[in-house]
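Asks: Pasting a structure below so you can have a look.
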Amino acid sequence: METIAERLKSVQNTVEQSTLDAHRPSNSVKLLAVSKTKPVSNIVQAYEAGQYCFGENYVQEGVEKIQHLRALDKIEWHFIGPLQSNKTRLVAEHFDWVQTIDRLKTAQRLNDQTSPFKKLNVCIQVNIDNEENKAGIKTEQLNELAKAISALPNLILRGLMTIPMANQTSEKQAASFAQMSSLFKNMQKHYPTVDTLSMGMSGDMHNAILNGSTMVRVGTAIFGARNQ
Ligand SMILES: *Cc1c(COP(=O)(O)O)cnc(C)c1O
């Protein structure tokens, strides 16, 4: 069995090699370690191996871990799950980023509920393959939502996030990633705070990085398979 530190190292190598394969600058892709369903002891192991950004999908679970790990002062928490409007307060108070904004109402609530001492970083989730039961906005809705969010004083619009359709060919997936990249580059022309294109997971990080991802969200390849 490899340790978490060893698997983390191997994921870092994949990220760096993919970045070089894409002829992009070294260290231009951030690694988010997705720790959902995994115990805090696993997060501590990754932290001690130098990983400081973690993603959680479930509000209650995430908040409990954040409270438990307060002493790890370099840690940055990203909320990457579906967000119901009655849970926004907990997320606004405890997380540093929310990557799954797909309606203005959620953004407005987060803006009103975040603590006066911090700003919340947000990404808009795009349903790039127009899947019926998937969260995220359609591409046509992006300009209007980005504009409205950029006017909210307590949020910092950082960019876009997507989860492409599962089980499609790597060519089709590359086309979806490339489409995201062009939306992202266009957004950067209008909003100086936009620097993040969050796409790519354990199974498709190479393809995502080749097509412009600046942040991959990796769970299984670091922490092993999930039971739930
Ligand atoms: C679970 C999850 C991941 C990580 O997926 P792996 O395949 O385990 O790397 C990434 N992004 C989101 C939004 C997730 O829910």
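Chain labels A, B, ... are given in the sequence in which chains occur in the structure tokens; within each chain residues are numbered consecutively from 1, and ligands are likewise numbered from 1 in the order shown.
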Let me see if you get this right: every residue at most 9 Å from ligand 1, counting only C-alpha atoms and all ligand atoms, written as a VMD selection string.
Replies: chain A and resid 32 to 36 55 to 57 79 to 82 99 to 100 161 to 163 198 to 205 216 to 226
Asks: Give me, as a ChimeraX atom specification, the residues of chain A that a backbone DSSP run labels helix (DSSP H, G or I).
Replies: /A:4-21,40-48,59-68,85-94,104-113,139-150,170-190,205-210,220-223
Asks: Using only C-alpha atoms, which residue out of A:Ala5, A:Ser176, A:Lys30, A:Gly159 lies closest to Glu48 (chain A)?
Replies: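 Selected residue with least distance to Glu48 (chain A): A:Ala5.
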Asks: Please provide as an MDAnalysis selection string all residues within 9 Å of Thr19 (chain A), with the sequence filter that same-chain residues fewer than 6 positions apart are discarded (counting only C-alpha atoms).
Replies: chainID A and resid 25:29 206 209:210
Asks: Could you turn the residues from that selection into a file that holds C-alpha atoms, as a PDB file, in the first residue's frame?
Replies:
ATOM      1  CA  PRO A  25       4.720  27.318 -17.388  1.00  0.00           C
ATOM      2  CA  SER A  26       5.778  25.068 -14.541  1.00  0.00           C
ATOM      3  CA  ASN A  27       3.502  25.379 -11.486  1.00  0.00           C
ATOM      4  CA  SER A  28       0.689  27.015 -13.444  1.00  0.00           C
ATOM      5  CA  VAL A  29      -1.827  24.347 -12.394  1.00  0.00           C
ATOM      6  CA  HIS A 206      -4.047  15.123 -18.080  1.00  0.00           C
ATOM      7  CA  ILE A 209      -4.475  20.383 -18.267  1.00  0.00           C
ATOM      8  CA  LEU A 210      -3.709  19.955 -21.968  1.00  0.00           C
TER       9      LEU A 210
END
Asks: Skipping near chain neighbours, those fewer than 5 positions away, what residues fall within 12 Å of Leu110 (chain A) using only C-alpha atoms, listed as a PDB file with all heavy atoms, in the first residue's frame?
Replies:
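So the final result, stored in selection.pdb, reads:
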ATOM      1  N   LEU A  83     -25.065  23.197  -3.473  1.00  0.00           N
ATOM      2  CA  LEU A  83     -25.333  24.067  -2.320  1.00  0.00           C
ATOM      3  C   LEU A  83     -26.795  24.494  -2.281  1.00  0.00           C
ATOM      4  O   LEU A  83     -27.254  25.231  -3.143  1.00  0.00           O
ATOM      5  CB  LEU A  83     -24.412  25.293  -2.394  1.00  0.00           C
ATOM      6  CG  LEU A  83     -24.478  26.269  -1.234  1.00  0.00           C
ATOM      7  CD1 LEU A  83     -24.318  25.583   0.112  1.00  0.00           C
ATOM      8  CD2 LEU A  83     -23.426  27.359  -1.401  1.00  0.00           C
ATOM      9  N   GLN A  84     -27.514  24.010  -1.257  1.00  0.00           N
ATOM     10  CA  GLN A  84     -28.912  24.432  -1.076  1.00  0.00           C
ATOM     11  C   GLN A  84     -28.924  25.786  -0.378  1.00  0.00           C
ATOM     12  O   GLN A  84     -28.054  26.067   0.443  1.00  0.00           O
ATOM     13  CB  GLN A  84     -29.657  23.423  -0.196  1.00  0.00           C
ATOM     14  CG  GLN A  84     -29.822  22.073  -0.857  1.00  0.00           C
ATOM     15  CD  GLN A  84     -30.199  20.999   0.147  1.00  0.00           C
ATOM     16  OE1 GLN A  84     -30.207  21.222   1.351  1.00  0.00           O
ATOM     17  NE2 GLN A  84     -30.503  19.823  -0.381  1.00  0.00           N
ATOM     18  N   SER A  85     -29.978  26.573  -0.670  1.00  0.00           N
ATOM     19  CA  SER A  85     -29.949  27.944  -0.164  1.00  0.00           C
ATOM     20  C   SER A  85     -30.055  28.006   1.365  1.00  0.00           C
ATOM     21  O   SER A  85     -29.593  28.956   1.971  1.00  0.00           O
ATOM     22  CB  SER A  85     -31.008  28.796  -0.846  1.00  0.00           C
ATOM     23  OG  SER A  85     -32.263  28.224  -0.630  1.00  0.00           O
ATOM     24  N   ASN A  86     -30.609  26.968   2.001  1.00  0.00           N
ATOM     25  CA  ASN A  86     -30.666  27.015   3.471  1.00  0.00           C
ATOM     26  C   ASN A  86     -29.338  26.643   4.139  1.00  0.00           C
ATOM     27  O   ASN A  86     -29.223  26.667   5.355  1.00  0.00           O
ATOM     28  CB  ASN A  86     -31.801  26.132   4.009  1.00  0.00           C
ATOM     29  CG  ASN A  86     -31.608  24.669   3.655  1.00  0.00           C
ATOM     30  OD1 ASN A  86     -30.865  24.342   2.719  1.00  0.00           O
ATOM     31  ND2 ASN A  86     -32.246  23.781   4.379  1.00  0.00           N
ATOM     32  N   LYS A  87     -28.326  26.295   3.328  1.00  0.00           N
ATOM     33  CA  LYS A  87     -27.019  25.945   3.906  1.00  0.00           C
ATOM     34  C   LYS A  87     -25.948  26.996   3.589  1.00  0.00           C
ATOM     35  O   LYS A  87     -24.792  26.820   3.957  1.00  0.00           O
ATOM     36  CB  LYS A  87     -26.541  24.598   3.342  1.00  0.00           C
ATOM     37  CG  LYS A  87     -27.408  23.407   3.705  1.00  0.00           C
ATOM     38  CD  LYS A  87     -27.044  22.899   5.088  1.00  0.00           C
ATOM     39  CE  LYS A  87     -27.909  21.735   5.550  1.00  0.00           C
ATOM     40  NZ  LYS A  87     -27.766  20.542   4.740  1.00  0.00           N
ATOM     41  N   THR A  88     -26.339  28.070   2.933  1.00  0.00           N
ATOM     42  CA  THR A  88     -25.320  29.023   2.490  1.00  0.00           C
ATOM     43  C   THR A  88     -24.582  29.676   3.660  1.00  0.00           C
ATOM     44  O   THR A  88     -23.397  29.967   3.554  1.00  0.00           O
ATOM     45  CB  THR A  88     -25.913  30.144   1.611  1.00  0.00           C
ATOM     46  OG1 THR A  88     -27.049  30.677   2.283  1.00  0.00           O
ATOM     47  CG2 THR A  88     -26.296  29.633   0.238  1.00  0.00           C
ATOM     48  N   ARG A  89     -25.282  29.915   4.773  1.00  0.00           N
ATOM     49  CA  ARG A  89     -24.647  30.631   5.879  1.00  0.00           C
ATOM     50  C   ARG A  89     -23.420  29.869   6.416  1.00  0.00           C
ATOM     51  O   ARG A  89     -22.345  30.439   6.601  1.00  0.00           O
ATOM     52  CB  ARG A  89     -25.633  30.906   7.020  1.00  0.00           C
ATOM     53  CG  ARG A  89     -24.995  31.670   8.187  1.00  0.00           C
ATOM     54  CD  ARG A  89     -25.992  32.030   9.258  1.00  0.00           C
ATOM     55  NE  ARG A  89     -27.041  32.924   8.781  1.00  0.00           N
ATOM     56  CZ  ARG A  89     -26.897  34.245   8.641  1.00  0.00           C
ATOM     57  NH1 ARG A  89     -25.753  34.826   8.947  1.00  0.00           N
ATOM     58  NH2 ARG A  89     -27.896  34.981   8.202  1.00  0.00           N
ATOM     59  N   LEU A  90     -23.605  28.565   6.624  1.00  0.00           N
ATOM     60  CA  LEU A  90     -22.481  27.758   7.134  1.00  0.00           C
ATOM     61  C   LEU A  90     -21.305  27.790   6.163  1.00  0.00           C
ATOM     62  O   LEU A  90     -20.150  27.872   6.561  1.00  0.00           O
ATOM     63  CB  LEU A  90     -22.934  26.307   7.338  1.00  0.00           C
ATOM     64  CG  LEU A  90     -23.676  26.010   8.643  1.00  0.00           C
ATOM     65  CD1 LEU A  90     -24.279  24.610   8.583  1.00  0.00           C
ATOM     66  CD2 LEU A  90     -22.723  26.146   9.826  1.00  0.00           C
ATOM     67  N   VAL A  91     -21.615  27.713   4.884  1.00  0.00           N
ATOM     68  CA  VAL A  91     -20.555  27.717   3.872  1.00  0.00           C
ATOM     69  C   VAL A  91     -19.857  29.081   3.850  1.00  0.00           C
ATOM     70  O   VAL A  91     -18.629  29.170   3.849  1.00  0.00           O
ATOM     71  CB  VAL A  91     -21.121  27.339   2.491  1.00  0.00           C
ATOM     72  CG1 VAL A  91     -20.108  27.581   1.391  1.00  0.00           C
ATOM     73  CG2 VAL A  91     -21.542  25.867   2.498  1.00  0.00           C
ATOM     74  N   ALA A  92     -20.653  30.152   3.884  1.00  0.00           N
ATOM     75  CA  ALA A  92     -20.077  31.497   3.851  1.00  0.00           C
ATOM     76  C   ALA A  92     -19.173  31.740   5.051  1.00  0.00           C
ATOM     77  O   ALA A  92     -18.149  32.408   4.956  1.00  0.00           O
ATOM     78  CB  ALA A  92     -21.193  32.542   3.823  1.00  0.00           C
ATOM     79  N   GLU A  93     -19.565  31.178   6.189  1.00  0.00           N
ATOM     80  CA  GLU A  93     -18.799  31.440   7.409  1.00  0.00           C
ATOM     81  C   GLU A  93     -17.516  30.608   7.505  1.00  0.00           C
ATOM     82  O   GLU A  93     -16.554  31.026   8.137  1.00  0.00           O
ATOM     83  CB  GLU A  93     -19.675  31.185   8.649  1.00  0.00           C
ATOM     84  CG  GLU A  93     -20.715  32.288   8.826  1.00  0.00           C
ATOM     85  CD  GLU A  93     -21.699  32.014   9.961  1.00  0.00           C
ATOM     86  OE1 GLU A  93     -21.695  30.903  10.532  1.00  0.00           O
ATOM     87  OE2 GLU A  93     -22.495  32.918  10.261  1.00  0.00           O
ATOM     88  N   HIS A  94     -17.517  29.440   6.894  1.00  0.00           N
ATOM     89  CA  HIS A  94     -16.386  28.528   7.138  1.00  0.00           C
ATOM     90  C   HIS A  94     -15.449  28.299   5.963  1.00  0.00           C
ATOM     91  O   HIS A  94     -14.290  27.957   6.159  1.00  0.00           O
ATOM     92  CB  HIS A  94     -16.903  27.176   7.636  1.00  0.00           C
ATOM     93  CG  HIS A  94     -17.504  27.260   9.004  1.00  0.00           C
ATOM     94  ND1 HIS A  94     -18.839  27.499   9.215  1.00  0.00           N
ATOM     95  CD2 HIS A  94     -16.940  27.181  10.228  1.00  0.00           C
ATOM     96  CE1 HIS A  94     -19.063  27.555  10.514  1.00  0.00           C
ATOM     97  NE2 HIS A  94     -17.931  27.359  11.157  1.00  0.00           N
ATOM     98  N   PHE A  95     -15.961  28.407   4.756  1.00  0.00           N
ATOM     99  CA  PHE A  95     -15.112  28.082   3.603  1.00  0.00           C
ATOM    100  C   PHE A  95     -14.433  29.333   3.045  1.00  0.00           C
ATOM    101  O   PHE A  95     -14.881  30.457   3.262  1.00  0.00           O
ATOM    102  CB  PHE A  95     -15.956  27.411   2.508  1.00  0.00           C
ATOM    103  CG  PHE A  95     -16.251  25.947   2.790  1.00  0.00           C
ATOM    104  CD1 PHE A  95     -17.300  25.581   3.617  1.00  0.00           C
ATOM    105  CD2 PHE A  95     -15.473  24.941   2.230  1.00  0.00           C
ATOM    106  CE1 PHE A  95     -17.576  24.242   3.885  1.00  0.00           C
ATOM    107  CE2 PHE A  95     -15.738  23.600   2.486  1.00  0.00           C
ATOM    108  CZ  PHE A  95     -16.792  23.248   3.313  1.00  0.00           C
ATOM    109  N   ASP A  96     -13.355  29.118   2.296  1.00  0.00           N
ATOM    110  CA  ASP A  96     -12.638  30.213   1.633  1.00  0.00           C
ATOM    111  C   ASP A  96     -13.094  30.391   0.189  1.00  0.00           C
ATOM    112  O   ASP A  96     -12.996  31.483  -0.370  1.00  0.00           O
ATOM    113  CB  ASP A  96     -11.130  29.915   1.643  1.00  0.00           C
ATOM    114  CG  ASP A  96     -10.622  29.692   3.058  1.00  0.00           C
ATOM    115  OD1 ASP A  96     -10.687  30.642   3.856  1.00  0.00           O
ATOM    116  OD2 ASP A  96     -10.199  28.554   3.371  1.00  0.00           O
ATOM    117  N   TRP A  97     -13.501  29.297  -0.422  1.00  0.00           N
ATOM    118  CA  TRP A  97     -13.958  29.308  -1.811  1.00  0.00           C
ATOM    119  C   TRP A  97     -15.277  28.543  -1.937  1.00  0.00           C
ATOM    120  O   TRP A  97     -15.482  27.554  -1.224  1.00  0.00           O
ATOM    121  CB  TRP A  97     -12.968  28.545  -2.714  1.00  0.00           C
ATOM    122  CG  TRP A  97     -11.665  29.194  -3.037  1.00  0.00           C
ATOM    123  CD1 TRP A  97     -10.675  29.534  -2.181  1.00  0.00           C
ATOM    124  CD2 TRP A  97     -11.198  29.522  -4.361  1.00  0.00           C
ATOM    125  NE1 TRP A  97      -9.611  30.056  -2.874  1.00  0.00           N
ATOM    126  CE2 TRP A  97      -9.905  30.056  -4.214  1.00  0.00           C
ATOM    127  CE3 TRP A  97     -11.745  29.400  -5.651  1.00  0.00           C
ATOM    128  CZ2 TRP A  97      -9.139  30.492  -5.302  1.00  0.00           C
ATOM    129  CZ3 TRP A  97     -10.989  29.828  -6.728  1.00  0.00           C
ATOM    130  CH2 TRP A  97      -9.708  30.375  -6.557  1.00  0.00           C
ATOM    131  N   VAL A  98     -16.107  28.970  -2.904  1.00  0.00           N
ATOM    132  CA  VAL A  98     -17.258  28.172  -3.332  1.00  0.00           C
ATOM    133  C   VAL A  98     -17.166  28.056  -4.846  1.00  0.00           C
ATOM    134  O   VAL A  98     -17.188  29.067  -5.558  1.00  0.00           O
ATOM    135  CB  VAL A  98     -18.604  28.822  -2.936  1.00  0.00           C
ATOM    136  CG1 VAL A  98     -19.766  27.957  -3.409  1.00  0.00           C
ATOM    137  CG2 VAL A  98     -18.682  29.041  -1.427  1.00  0.00           C
ATOM    138  N   THR A 100     -19.183  26.182  -6.850  1.00  0.00           N
ATOM    139  CA  THR A 100     -20.363  25.599  -7.498  1.00  0.00           C
ATOM    140  C   THR A 100     -21.547  26.561  -7.580  1.00  0.00           C
ATOM    141  O   THR A 100     -22.694  26.167  -7.436  1.00  0.00           O
ATOM    142  CB  THR A 100     -20.788  24.334  -6.716  1.00  0.00           C
ATOM    143  OG1 THR A 100     -20.776  24.639  -5.305  1.00  0.00           O
ATOM    144  CG2 THR A 100     -19.838  23.191  -6.978  1.00  0.00           C
ATOM    145  N   ILE A 101     -21.271  27.817  -7.844  1.00  0.00           N
ATOM    146  CA  ILE A 101     -22.347  28.794  -7.968  1.00  0.00           C
ATOM    147  C   ILE A 101     -23.033  28.612  -9.322  1.00  0.00           C
ATOM    148  O   ILE A 101     -22.374  28.673 -10.367  1.00  0.00           O
ATOM    149  CB  ILE A 101     -21.784  30.233  -7.929  1.00  0.00           C
ATOM    150  CG1 ILE A 101     -20.936  30.469  -6.686  1.00  0.00           C
ATOM    151  CG2 ILE A 101     -22.920  31.253  -8.067  1.00  0.00           C
ATOM    152  CD1 ILE A 101     -21.679  30.775  -5.447  1.00  0.00           C
ATOM    153  N   ARG A 103     -26.524  29.966  -9.571  1.00  0.00           N
ATOM    154  CA  ARG A 103     -27.645  30.899  -9.616  1.00  0.00           C
ATOM    155  C   ARG A 103     -27.307  32.133  -8.797  1.00  0.00           C
ATOM    156  O   ARG A 103     -26.558  32.061  -7.817  1.00  0.00           O
ATOM    157  CB  ARG A 103     -28.935  30.247  -9.134  1.00  0.00           C
ATOM    158  CG  ARG A 103     -28.900  29.828  -7.675  1.00  0.00           C
ATOM    159  CD  ARG A 103     -30.112  29.025  -7.315  1.00  0.00           C
ATOM    160  NE  ARG A 103     -30.112  27.793  -8.089  1.00  0.00           N
ATOM    161  CZ  ARG A 103     -31.120  26.935  -8.114  1.00  0.00           C
ATOM    162  NH1 ARG A 103     -32.227  27.211  -7.435  1.00  0.00           N
ATOM    163  NH2 ARG A 103     -31.036  25.829  -8.791  1.00  0.00           N
ATOM    164  N   LEU A 104     -27.893  33.242  -9.195  1.00  0.00           N
ATOM    165  CA  LEU A 104     -27.584  34.508  -8.542  1.00  0.00           C
ATOM    166  C   LEU A 104     -28.017  34.509  -7.084  1.00  0.00           C
ATOM    167  O   LEU A 104     -27.332  35.053  -6.222  1.00  0.00           O
ATOM    168  CB  LEU A 104     -28.239  35.658  -9.322  1.00  0.00           C
ATOM    169  CG  LEU A 104     -27.945  37.058  -8.783  1.00  0.00           C
ATOM    170  CD1 LEU A 104     -26.448  37.326  -8.712  1.00  0.00           C
ATOM    171  CD2 LEU A 104     -28.636  38.109  -9.632  1.00  0.00           C
ATOM    172  N   LYS A 105     -29.160  33.878  -6.814  1.00  0.00           N
ATOM    173  CA  LYS A 105     -29.683  33.891  -5.447  1.00  0.00           C
ATOM    174  C   LYS A 105     -28.670  33.312  -4.451  1.00  0.00           C
ATOM    175  O   LYS A 105     -28.473  33.852  -3.363  1.00  0.00           O
ATOM    176  CB  LYS A 105     -30.982  33.085  -5.398  1.00  0.00           C
ATOM    177  CG  LYS A 105     -31.699  33.200  -4.090  1.00  0.00           C
ATOM    178  CD  LYS A 105     -33.044  32.487  -4.119  1.00  0.00           C
ATOM    179  CE  LYS A 105     -33.487  32.249  -2.679  1.00  0.00           C
ATOM    180  NZ  LYS A 105     -34.167  30.959  -2.517  1.00  0.00           N
ATOM    181  N   SER A 115     -18.405  36.595   6.560  1.00  0.00           N
ATOM    182  CA  SER A 115     -18.025  37.427   7.698  1.00  0.00           C
ATOM    183  C   SER A 115     -17.414  38.737   7.202  1.00  0.00           C
ATOM    184  O   SER A 115     -16.836  38.796   6.124  1.00  0.00           O
ATOM    185  CB  SER A 115     -17.047  36.674   8.597  1.00  0.00           C
ATOM    186  OG  SER A 115     -15.726  37.035   8.256  1.00  0.00           O
ATOM    187  N   PRO A 116     -17.559  39.810   8.000  1.00  0.00           N
ATOM    188  CA  PRO A 116     -17.077  41.123   7.548  1.00  0.00           C
ATOM    189  C   PRO A 116     -15.562  41.175   7.369  1.00  0.00           C
ATOM    190  O   PRO A 116     -15.046  42.097   6.756  1.00  0.00           O
ATOM    191  CB  PRO A 116     -17.527  42.077   8.652  1.00  0.00           C
ATOM    192  CG  PRO A 116     -17.948  41.239   9.795  1.00  0.00           C
ATOM    193  CD  PRO A 116     -18.245  39.873   9.296  1.00  0.00           C
ATOM    194  N   LYS A 118     -13.661  38.857   5.861  1.00  0.00           N
ATOM    195  CA  LYS A 118     -13.090  38.129   4.736  1.00  0.00           C
ATOM    196  C   LYS A 118     -13.958  38.264   3.502  1.00  0.00           C
ATOM    197  O   LYS A 118     -15.143  38.576   3.585  1.00  0.00           O
ATOM    198  CB  LYS A 118     -12.905  36.650   5.103  1.00  0.00           C
ATOM    199  CG  LYS A 118     -14.168  35.832   5.051  1.00  0.00           C
ATOM    200  CD  LYS A 118     -13.854  34.339   5.033  1.00  0.00           C
ATOM    201  CE  LYS A 118     -15.069  33.563   4.555  1.00  0.00           C
ATOM    202  NZ  LYS A 118     -15.301  32.305   5.278  1.00  0.00           N
ATOM    203  N   LYS A 119     -13.352  38.014   2.348  1.00  0.00           N
ATOM    204  CA  LYS A 119     -14.117  37.919   1.125  1.00  0.00           C
ATOM    205  C   LYS A 119     -14.111  36.467   0.698  1.00  0.00           C
ATOM    206  O   LYS A 119     -13.176  35.722   0.984  1.00  0.00           O
ATOM    207  CB  LYS A 119     -13.500  38.810   0.057  1.00  0.00           C
ATOM    208  CG  LYS A 119     -13.676  40.295   0.379  1.00  0.00           C
ATOM    209  CD  LYS A 119     -13.368  41.156  -0.824  1.00  0.00           C
ATOM    210  CE  LYS A 119     -13.268  42.626  -0.458  1.00  0.00           C
ATOM    211  NZ  LYS A 119     -14.595  43.245  -0.258  1.00  0.00           N
ATOM    212  N   LEU A 120     -15.173  36.081   0.027  1.00  0.00           N
ATOM    213  CA  LEU A 120     -15.319  34.702  -0.400  1.00  0.00           C
ATOM    214  C   LEU A 120     -14.986  34.606  -1.890  1.00  0.00           C
ATOM    215  O   LEU A 120     -15.509  35.369  -2.694  1.00  0.00           O
ATOM    216  CB  LEU A 120     -16.766  34.308  -0.139  1.00  0.00           C
ATOM    217  CG  LEU A 120     -17.165  32.850  -0.113  1.00  0.00           C
ATOM    218  CD1 LEU A 120     -16.372  32.069   0.927  1.00  0.00           C
ATOM    219  CD2 LEU A 120     -18.665  32.758   0.202  1.00  0.00           C
ATOM    220  N   ASN A 121     -14.098  33.683  -2.235  1.00  0.00           N
ATOM    221  CA  ASN A 121     -13.740  33.450  -3.640  1.00  0.00           C
ATOM    222  C   ASN A 121     -14.778  32.540  -4.269  1.00  0.00           C
ATOM    223  O   ASN A 121     -15.128  31.517  -3.672  1.00  0.00           O
ATOM    224  CB  ASN A 121     -12.380  32.755  -3.705  1.00  0.00           C
ATOM    225  CG  ASN A 121     -11.298  33.590  -3.065  1.00  0.00           C
ATOM    226  OD1 ASN A 121     -10.875  34.593  -3.622  1.00  0.00           O
ATOM    227  ND2 ASN A 121     -10.874  33.201  -1.872  1.00  0.00           N
ATOM    228  N   VAL A 122     -15.251  32.889  -5.451  1.00  0.00           N
ATOM    229  CA  VAL A 122     -16.279  32.040  -6.067  1.00  0.00           C
ATOM    230  C   VAL A 122     -15.975  31.737  -7.533  1.00  0.00           C
ATOM    231  O   VAL A 122     -15.363  32.537  -8.247  1.00  0.00           O
ATOM    232  CB  VAL A 122     -17.695  32.671  -5.964  1.00  0.00           C
ATOM    233  CG1 VAL A 122     -18.105  32.875  -4.512  1.00  0.00           C
ATOM    234  CG2 VAL A 122     -17.810  33.968  -6.744  1.00  0.00           C
ATOM    235  N   ILE A 149     -22.583  38.777 -10.434  1.00  0.00           N
ATOM    236  CA  ILE A 149     -21.721  38.354  -9.314  1.00  0.00           C
ATOM    237  C   ILE A 149     -20.572  39.340  -9.110  1.00  0.00           C
ATOM    238  O   ILE A 149     -20.204  39.663  -7.979  1.00  0.00           O
ATOM    239  CB  ILE A 149     -21.180  36.923  -9.549  1.00  0.00           C
ATOM    240  CG1 ILE A 149     -22.326  35.914  -9.424  1.00  0.00           C
ATOM    241  CG2 ILE A 149     -20.065  36.583  -8.565  1.00  0.00           C
ATOM    242  CD1 ILE A 149     -21.939  34.490  -9.733  1.00  0.00           C
ATOM    243  N   LEU A 152     -21.137  42.065  -6.613  1.00  0.00           N
ATOM    244  CA  LEU A 152     -21.363  41.778  -5.191  1.00  0.00           C
ATOM    245  C   LEU A 152     -20.063  42.035  -4.410  1.00  0.00           C
ATOM    246  O   LEU A 152     -19.042  41.401  -4.682  1.00  0.00           O
ATOM    247  CB  LEU A 152     -21.826  40.326  -5.015  1.00  0.00           C
ATOM    248  CG  LEU A 152     -23.171  40.001  -5.687  1.00  0.00           C
ATOM    249  CD1 LEU A 152     -23.468  38.505  -5.621  1.00  0.00           C
ATOM    250  CD2 LEU A 152     -24.303  40.804  -5.056  1.00  0.00           C
ATOM    251  N   PRO A 153     -20.094  42.966  -3.455  1.00  0.00           N
ATOM    252  CA  PRO A 153     -18.848  43.458  -2.864  1.00  0.00           C
ATOM    253  C   PRO A 153     -18.068  42.442  -2.020  1.00  0.00           C
ATOM    254  O   PRO A 153     -16.856  42.573  -1.869  1.00  0.00           O
ATOM    255  CB  PRO A 153     -19.311  44.632  -1.988  1.00  0.00           C
ATOM    256  CG  PRO A 153     -20.755  44.400  -1.739  1.00  0.00           C
ATOM    257  CD  PRO A 153     -21.277  43.683  -2.943  1.00  0.00           C
ATOM    258  N   ASN A 154     -18.742  41.455  -1.458  1.00  0.00           N
ATOM    259  CA  ASN A 154     -18.032  40.520  -0.570  1.00  0.00           C
ATOM    260  C   ASN A 154     -17.596  39.231  -1.255  1.00  0.00           C
ATOM    261  O   ASN A 154     -17.053  38.333  -0.624  1.00  0.00           O
ATOM    262  CB  ASN A 154     -18.896  40.178   0.640  1.00  0.00           C
ATOM    263  CG  ASN A 154     -19.265  41.433   1.405  1.00  0.00           C
ATOM    264  OD1 ASN A 154     -18.452  42.354   1.524  1.00  0.00           O
ATOM    265  ND2 ASN A 154     -20.489  41.497   1.884  1.00  0.00           N
ATOM    266  N   LEU A 155     -17.862  39.147  -2.550  1.00  0.00           N
ATOM    267  CA  LEU A 155     -17.420  37.982  -3.310  1.00  0.00           C
ATOM    268  C   LEU A 155     -16.320  38.396  -4.280  1.00  0.00           C
ATOM    269  O   LEU A 155     -16.323  39.512  -4.792  1.00  0.00           O
ATOM    270  CB  LEU A 155     -18.573  37.365  -4.112  1.00  0.00           C
ATOM    271  CG  LEU A 155     -19.829  36.931  -3.349  1.00  0.00           C
ATOM    272  CD1 LEU A 155     -20.792  36.211  -4.292  1.00  0.00           C
ATOM    273  CD2 LEU A 155     -19.498  36.051  -2.150  1.00  0.00           C
ATOM    274  N   ILE A 156     -15.376  37.500  -4.517  1.00  0.00           N
ATOM    275  CA  ILE A 156     -14.362  37.724  -5.553  1.00  0.00           C
ATOM    276  C   ILE A 156     -14.594  36.686  -6.641  1.00  0.00           C
ATOM    277  O   ILE A 156     -14.498  35.474  -6.381  1.00  0.00           O
ATOM    278  CB  ILE A 156     -12.936  37.576  -4.994  1.00  0.00           C
ATOM    279  CG1 ILE A 156     -12.732  38.510  -3.802  1.00  0.00           C
ATOM    280  CG2 ILE A 156     -11.902  37.877  -6.085  1.00  0.00           C
ATOM    281  CD1 ILE A 156     -11.380  38.336  -3.123  1.00  0.00           C
TER     282      ILE A 156
END
Asks: Quote the spacing between CA of Val126 (chain A) and CA of Leu142 (chain A) in Å to one decimal place.
Replies: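 CA of Val126 (chain A) sits 8.0 Å away from CA of Leu142 (chain A).
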Asks: Write out as JSON lines the residues of region 42-122 of chain A that have any atom within 10 Å of an atom of region 6-11 of chain A, one row each with the nearest atom pair and its distance in Å to one decimal, counting only C-alpha atoms, sorted by chain and then rising number.
Replies:
{"residue": "A:Gln45", "atom": "CA", "partner": "A:Leu8", "partner_atom": "CA", "distance": 10.0}
{"residue": "A:Ala46", "atom": "CA", "partner": "A:Leu8", "partner_atom": "CA", "distance": 7.2}
{"residue": "A:Ala49", "atom": "CA", "partner": "A:Leu8", "partner_atom": "CA", "distance": 8.0}
{"residue": "A:Gly50", "atom": "CA", "partner": "A:Leu8", "partner_atom": "CA", "distance": 9.2}
{"residue": "A:Gln51", "atom": "CA", "partner": "A:Leu8", "partner_atom": "CA", "distance": 8.2}
